[in-house]
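To keep things clear, I will list the structure first and then write my remarks on it.
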2 protein chains.
Amino acid sequence: MSTSKSSSGSSTKTHPKLSLEWSRVLIEQVSPAMDAGDFPVKRTVGESVHVKARIFCDGHDKITAEVLFKRKKQKAWVTLLLQPIGNDWWQTQFIIEALEDYEFCVRAWIDPFETWREELLKKWNAQVSDIESCFLEGAALLEGVCPSIPNAQKAWFTDIIQQLKSAKNPKETVLAVSDPQLQVVMLNHAPQESVAESLVYAINVDRPKARFSSWYEFFPRSTGEKGAHGNFKTATKALDRIAAMGFDVIYLPPIHPIGLAYRKGPNNTLKANASDPGSPWAIGSKEGGHKAVHPELGSIADFKAFVKQANKKGLEVALDIAFQCSPDHPYVKDHPEWFRHRPDGTIKYAENPPKKYQDIYPFDFECEAWPALWQELKSVVEFWIEQGVFIFRVDNPHTKPLAFWEWLIAEIRQNHPETLFLAEAFTRPAIMKYLAKIGFSQSYSYFTWRNTKRELSEFVTELTQTDLIDCMRPNFFANTPDILHEFLQSGGRPSFEIRLILAATLGANYGIYGPPFELCIGDAMPASEEYRDSEKYQVRTWDLASEQSIEPLVTRINTIRKNNPALQYDRYVEFLETDNAQILAYTKSDPASENIILTIVNLDPFTAQAGWVQFKGADWGEASYQVHDLLSDARYLWQGKRNYVSLDPSICPAHVFKLRKRIKNEKDFEYYQ
Amino acid sequence: MSTSKSSSGSSTKTHPKLSLEWSRVLIEQVSPAMDAGDFPVKRTVGESVHVKARIFCDGHDKITAEVLFKRKKQKAWVTLLLQPIGNDWWQTQFIIEALEDYEFCVRAWIDPFETWREELLKKWNAQVSDIESCFLEGAALLEGVCPSIPNAQKAWFTDIIQQLKSAKNPKETVLAVSDPQLQVVMLNHAPQESVAESLVYAINVDRPKARFSSWYEFFPRSTGEKGAHGNFKTATKALDRIAAMGFDVIYLPPIHPIGLAYRKGPNNTLKANASDPGSPWAIGSKEGGHKAVHPELGSIADFKAFVKQANKKGLEVALDIAFQCSPDHPYVKDHPEWFRHRPDGTIKYAENPPKKYQDIYPFDFECEAWPALWQELKSVVEFWIEQGVFIFRVDNPHTKPLAFWEWLIAEIRQNHPETLFLAEAFTRPAIMKYLAKIGFSQSYSYFTWRNTKRELSEFVTELTQTDLIDCMRPNFFANTPDILHEFLQSGGRPSFEIRLILAATLGANYGIYGPPFELCIGDAMPASEEYRDSEKYQVRTWDLASEQSIEPLVTRINTIRKNNPALQYDRYVEFLETDNAQILAYTKSDPASENIILTIVNLDPFTAQAGWVQFKGADWGEASYQVHDLLSDARYLWQGKRNYVSLDPSICPAHVFKLRKRIKNEKDFEYYQ
């Protein structure tokens with residue numbers, strides 16, 4: 001199957017006088033491709049790449065077309081024939097087998113043998129008179145190929161040529177040239193005419209966790225006993241509970257020394273007391289900067305031990321990359337050239353008038369010394385990779401030059417292709433998409449602000465049915481330390497259940513910020529999405545045994561996600577019609593395993609809602625089938641396209657149905673698959 | 001307004017060690033562009049080019065962006081500022097003023113002055129404490145620009161700098177930097193940071209007739225008296241009638257000598273009698289080939305006289321380019337190397353088994369001697385241009401290499417940008433579109449086969465609401481010598497009226513093949529779209545005075561087209577909802593002149609149909625307005641979005657309404673515009 005890319009057949013005709021290079025074959029609209037190939041598309045190991053292209057030529061000649069693909073670092077291309085599917089569209093697919101970036105291109109040519117064979121068969125079937133002349137044309141074609149035919153096949157091959165030349169038994173001759181073996185031989189040995197080649201398209205390959213992950217964000221400093229400042233040792237004790245809930249990524253806010261200058265007090269007040277711990281995002285003090293650990297959390301050794309314990313429990317640690325400095329950061333003294341200075345000599349701090357963030361100095365990514373700055377920031381990422389961290393949540397990447405991230409991520413992935421970057425860019429759509437295109441593996445999204453049936457279906461449809469699906473992997477965080485949506489502030493426990501189920505079934509990647517989430521904490525600052533007494537500015541203790549806790553539901557939904565491939569991909573989602581504006585219904589499916597999950601959610605946290613749910617496709621017609629609620633374990637027999645549901649949020653606001661079709665086994669027993 | 005393209009400000013930062021070139025500003029999704037700029041878009045002289053792009057950078061800095069455009073042959077670029085319209089989209093427009101190909105690009109940069117000014121105003125409005133420091137930043141910016149300020153403005157400019165430095169009258173200072181004159185000065189003289197430039201995009205410019213034309217196809221040989229073979233002199237007599245009907249292009253099937261070998265008889269029979277004239281598409285005899293005129297039609301001089309007379313009457317002559325040869329064509333003897341030979345020594349004729357076209361030899365566009373062949377074919381087009389022909393209808397371009405047409409059309413347009421090419425490619429969509437992309441000015445379309453309400457609305461929507469609008473100009477022929485659709489075969493006179501009105505109001509370019517069309521001839525060969533006793537194979541005489549003739553309607557509709565710019569563009573069409581599947585309603589409009597035409601057609605040629613027509617937009621709400629039927633001259637007062645129509649095909653199957661809004665003049669008289 002392997003071949004060199006430009007193996008046989010030259011192709012394009014050129015003429016110096018006409019200064020023209022041309023081929024009769026055209027290749028267009030190759031996919032998957034981002035911006036016509038300007039950016040790579042994204043896939044994970046094990047995923048298939050479904051290649052499609054429009055390929056055509058003038059006239060009625062037959063085209064043969066193939067995909068060539070390889071790992072970027074390898075030299076030899078693998079070839080796969082493309083299949084025509086009508087209207088000049090061709091397609092095939094291949095599987096990503098290694099954690100390496102891939103590339104592919106499309107190649108097509110005019111196949112003189114197939115062109116001739118089709119004409120012959122047409123003439124034969126139409127019983128035209130001059131079939132002999134057509135035979136002779138075929139003989140000439142075969143004779144041209146004869147020298148390259150292996151000896152073992154030579155006799156058989158020359159016999160066909162003789163048959164064509166003699167035209168004694170036309171019927172037998174027509175059969176002989178229809179021999180599939182002859183087609184294979186001609187495909188391999190016949191010259192290719194008018195060869196056309198597409199651009200080479202890049203595929204960035206990540207490990208599966210880029211596509212399917214369940215995140216749990218928490219503040220290690222709030223894991224101490226009886227309100228004491230927690231540390232990596234106390235945080236280690238929290239790991240069992242988090243692992244038992246079924247998460248696989250724990251994300252920690254910055255763990256570095258926290259600056260003292262302009263330190264913020266509780267609820268973001270301007271004056272902090274001596275005992276206030278400050279915001280972890282005000283990075284850097286005399287104890288160190290981005291490569292150091294906050295002394296109260298422990299040492300680098302403690303952190304490494306924590307990572308080791310987490311990994312043992314199936315949890316990966318994700319760190320926060322916040323490229324900014326407290327005024328106390330060692331960089332400020334050692335590298336003043338990396339910051340922007342005002343005419344009065346002071347360093348320019350972050351502002352959003354009237355707000356002043358005097359505790360935060362942004363880097364000047366455009367300063368004269370930018371190459372040194374960029375290299376230093378890269379070394380920060382490399383430092384934490386050395387400590388065993390391979391997932392980074394990047395704070396506000398849209399406020400730093402986009403080219404910086406493109407460079408940084410490419411540099412890191414070169415030696416560490418397993419590294420993942422989650423972009424926290426709550427900004428305009430074009431910039432969010434651009435960050436995804438230049439390399440971020442996952443992206444925070446507008447999910448928290450999409451709450452109605454229409455908002456959710458339009459939003460998810462845009463994410464999955466446009467070219468966003470090939471570059472941007474949304475991570476549906478249901479809350480964050482910065483975003484406690486009004487819906488959760490006012491909707492009580494059911495609202496947390498609703499948002500959890502939506503996030504976990506709509507997003508193959510999703511996350512929560514706990515314990516506030518599973519404890520259904522909806523207490524916010526007035527007219528704000530900020531938590532009251534936010535952990536961003538103070539140490540909290542949480543009553544994990546609270547009766548309010550939805551920990552069992554979290555555990556259940558994560559188990560369902562693990563058992564059902566349909567929920568591990570974003571690509572295949574379809575919204576169903578319902579006759580109640582509060583009832584949202586959608587299927588997610590995994591074509592490979594034929595796993596289909598139908599989720600139906602009552603979006604109203606206060607009132608029971610009922611209505612009819614309607615399938616679109618032809619798959620759900622007359623026959624009955626079973627819907628198995630993986631939340632309650634109840635099973636219902638459904639019939640036809642329209643079925644009735646009723647959901648009481650005080651019991652459970654959703655069904656997460658696995659669809660089971662009725663099939664018969666070889667002994668004629670019927671069962672539901 | 002004119003400036004050099006890379007005038008001021010360098011921009012991208014580079015670093016040899018990082019081998020990186022970067023700018024903070026990104027430009028994406030520039031339109032109009034075909035396939036991201038791989039092909040030119042099409043416009044006609046007088047049309048506007050609406051440029052749109054997505055432009056953004058990291059952070060909150062202010063961007064300034066401009067379009068640069070010029071005629072390709074000129075050197076100096078004209079610049080126009082782009083306006084932001086939200087969500088990182090920017091737009092502006094310019095007018096095509098000359099029959100020359102244009103090009104444009106987009107350029108954007110970070111504007112430090114505007115960035116600073118916005119921050120200052122925010123701080124001022126928020127009454128922050130350290131406004132002085134901000135003033136100093138502004139002073140530094142202005143001082144950097146000071147050397148390039150013209151002397152006349154220097155005093156005023158340095159005064160602003162002094163105000164900023166002293167900060168004595170902050171309110172006055174804020175007013176001074178908000179002076180629009182300062183913004184203009186800074187726009188012109190301040191350095192541009194992080195300049196980004198898009199690709200250069202090409203615009204192929206044609207004369208307006210490429211966009212708006214009314215074609216009449218006829219066979220000159222059928223203009224003879226009493227059944228005699230017509231010629232250019234008798235055809236000249238037909239011109240008055242055609243001009244009076246309001247057409248502006250007359251298209252003649254091939255006018256070259258017709259081959260004798262394998263000449264086809266009436267109704268495409270294989271044996272012709274000595275008196276049968278043969279098919280004009282079997283080009284070439286001992287009397288000459290593609291540069292000769294069929295002797296029975298006259299001489300080259302006769303043809304030139306005919307063209308001259310046509311032009312006097314406002315008619316342009318379009319010739320047929322059919323690049324194929326009768327076996328008697330001089331090329332066959334003089335250039336056997338231009339044809340494909342079979343092993344038995346004969347030249348390969350065209351076939352579609354079981355059909356054999358022994359009267360037609362295709363050229364072998366890939367032969368060894370292809371450059372000479374291509375040059376010769378180019379000289380054919382040049383020959384007819386010399387005779388005064390600037391419009392060519394190209395026969396079956398999709399059966400010749402697409403690269404040939406791309407080359408030929410570019411070569412011809414270089415010296416004769418007024419030349420137009422109509423592609424007769426009834427083939428698959430990808431190839432039709434490709435021919436348009438590589439240069440054909442107009443394209444035959446599937447219009448004849450789109451007859452139901454759904455077919456027509458989907459078809460026209462695809463042509464006008466996708467990127468086809470920027471490359472392909474459909475020519476809606478209602479019939480051709482090859483296509484007499486079943487609808488016309490069975491629908492009688494009303495069916496011709498229906499198809500005429502549809503073609504002429506849906507297509508800015510449209511045509512009919514007459515006299516059979518206006519005489520409502522629906523007589524076809526059995527189970528075929530071929531005319532019975534087709535003019536393709538015999539000379540016909542037509543009873544132009546027939547009572548069946550819809551000549552008056554043709555005249556009327558062409559007059560309406562001339563008087564209403566809305567019907568001279570394809571871009572702005574909208575289908576309206578109607579509650580009757582036989583009633584099709586659509587508006588076409590010309591935003592520049594505010595001309596709006598609402599056409600409502602009963603698609604049923606047999607029965608009167610009635611129903612309600614519903615506007616979508618907000619424009620047609622409560623107020624009453626007048627709809628003026630330009631066919632019947634009747635005027636109706638309509639109210640609101642929904643209105644009733646009833647159309648009897650035995651009277652007239654359509655309304656072609658001009659919409660007239662009620663307006664008041666300065667003396668408070670109300671009238672309908």
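Identifiers in this document derive from the order of the structure tokens: chains are assigned A, B, ..., residues are numbered from 1 separately in each chain, and ligands are numbered from 1 in order of occurrence.
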Using only C-alpha atoms, determine which residues lie at most 7 Å from Val613 (chain B), disregarding the query and same-chain residues fewer than 3 positions distant; provide the list as a list in words.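 Once the adjacent positions are removed, what remains is Leu576, Glu577, Thr578, Arg642, Asn643 and Tyr644 of chain B.
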What residues in chain A lie within 8 Å of chain B, counting only C-alpha atoms, written as a ChimeraX atom specification? /A:15,18,22-24,36,54,56-60,87-88,119,122-123,126-128,133,136-137,140,342-344,353-354,371,398-403,428-431
Can you tell me which residues surround Glu547 (chain B) at a distance of at most 12 Å, considering only C-alpha atoms, apart from same-chain residues fewer than 5 positions away, and format the answer as a PyMOL selection string? chain B and resi 493+518-520+552
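With distances restricted to only C-alpha atoms, A:Lys165 is the closest residue to Ile131 (chain A) from A:Lys165, A:Lys313, A:Lys42, A:Arg221.
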Could you pull out the residues in region 429-458 of chain B that DSSP calls helix (DSSP H, G or I) from the backbone, as a ChimeraX atom specification? /B:429-437,447-449,453-458
Compile the contact shell of region 591-608 of chain A as a VMD selection string: residues with an atom at most 9 Å away, counting only C-alpha atoms, same-chain residues fewer than 3 positions apart removed. chain A and resid 451 to 453 487 491 to 499 501 to 502 505 to 506 564 to 567 572 581 to 588 613 627 645 to 650 652 to 660
Ser279 (chain B) surroundings by only C-alpha atoms, 7 Å radius, close-in-sequence under 4 positions cut, as a compact mmCIF listing (two decimals) with N, CA and C atoms, in the first residue's frame:
```txt
# COMPACT_ATOMS: atom_id res chain seq x y z
N ILE B 258 -20.30 24.24 -44.46
CA ILE B 258 -20.79 23.01 -43.82
C ILE B 258 -20.26 21.80 -44.59
N LYS B 264 -25.88 15.16 -42.11
CA LYS B 264 -27.14 14.68 -41.55
C LYS B 264 -28.32 15.25 -42.31
N LYS B 536 -31.84 22.91 -37.20
CA LYS B 536 -30.46 22.44 -37.20
C LYS B 536 -30.13 21.66 -38.47
N TYR B 537 -31.18 21.04 -39.06
CA TYR B 537 -30.92 20.19 -40.22
C TYR B 537 -31.66 20.62 -41.46
```
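The residue set within 12 Å of Trp156 (chain A), counting only C-alpha atoms and dropping same-chain residues fewer than 3 places from it, reads Leu142, Cys146, Ile149, Pro150, Asn151, Ala152, Gln153, Asp159, Ile160, Ile161, Gln162, Gln163, Ala176, Val177, Asp179, Gln181, Leu182 and Val185 of chain A.
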Would you return as a ChimeraX atom specification the members of region 474-517 of chain A that DSSP assigns to strand (DSSP E) on this structure's backbone? /A:474-477,509-513
With distances taken over only C-alpha atoms, which of A:Trp338, A:Tyr251, A:Trp281, A:Trp405 is nearest to Val307 (chain A)? A:Tyr251
Expressed in Å to a single decimal, how great is the separation between CA of Lys661 (chain A) and CA of Tyr625 (chain A)? 5.0 Å
Taking 6 positions as the minimum chain separation for residues in the same chain, which residues sit within 10 Å of Gly230 (chain A) when counting only C-alpha atoms? Answer as an NGL selection string. :A and (219-224 or 296-298 or 539-541)
Name the closest residue to Asn204 (chain A) among the candidates A:Lys237, A:Arg43, A:His485, A:Lys616; distances are taken between atoms, counting only C-alpha atoms. A:Arg43
Rank nothing, just name the residue among B:Leu484, B:Leu456, B:Val41, B:Ile521 nearest to Gly439 (chain B), using only C-alpha atoms.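 Closest to Gly439 (chain B), using only C-alpha atoms: B:Val41.
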Could you check the closest approach to Val106 (chain B) for each of B:Ile391, B:Ala155, B:Val30, B:Val174 and tell me which residue wins, using only C-alpha atoms?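 Checking each of B:Ile391, B:Ala155, B:Val30, B:Val174 against Val106 (chain B), counting only C-alpha atoms, the winner is B:Val30.
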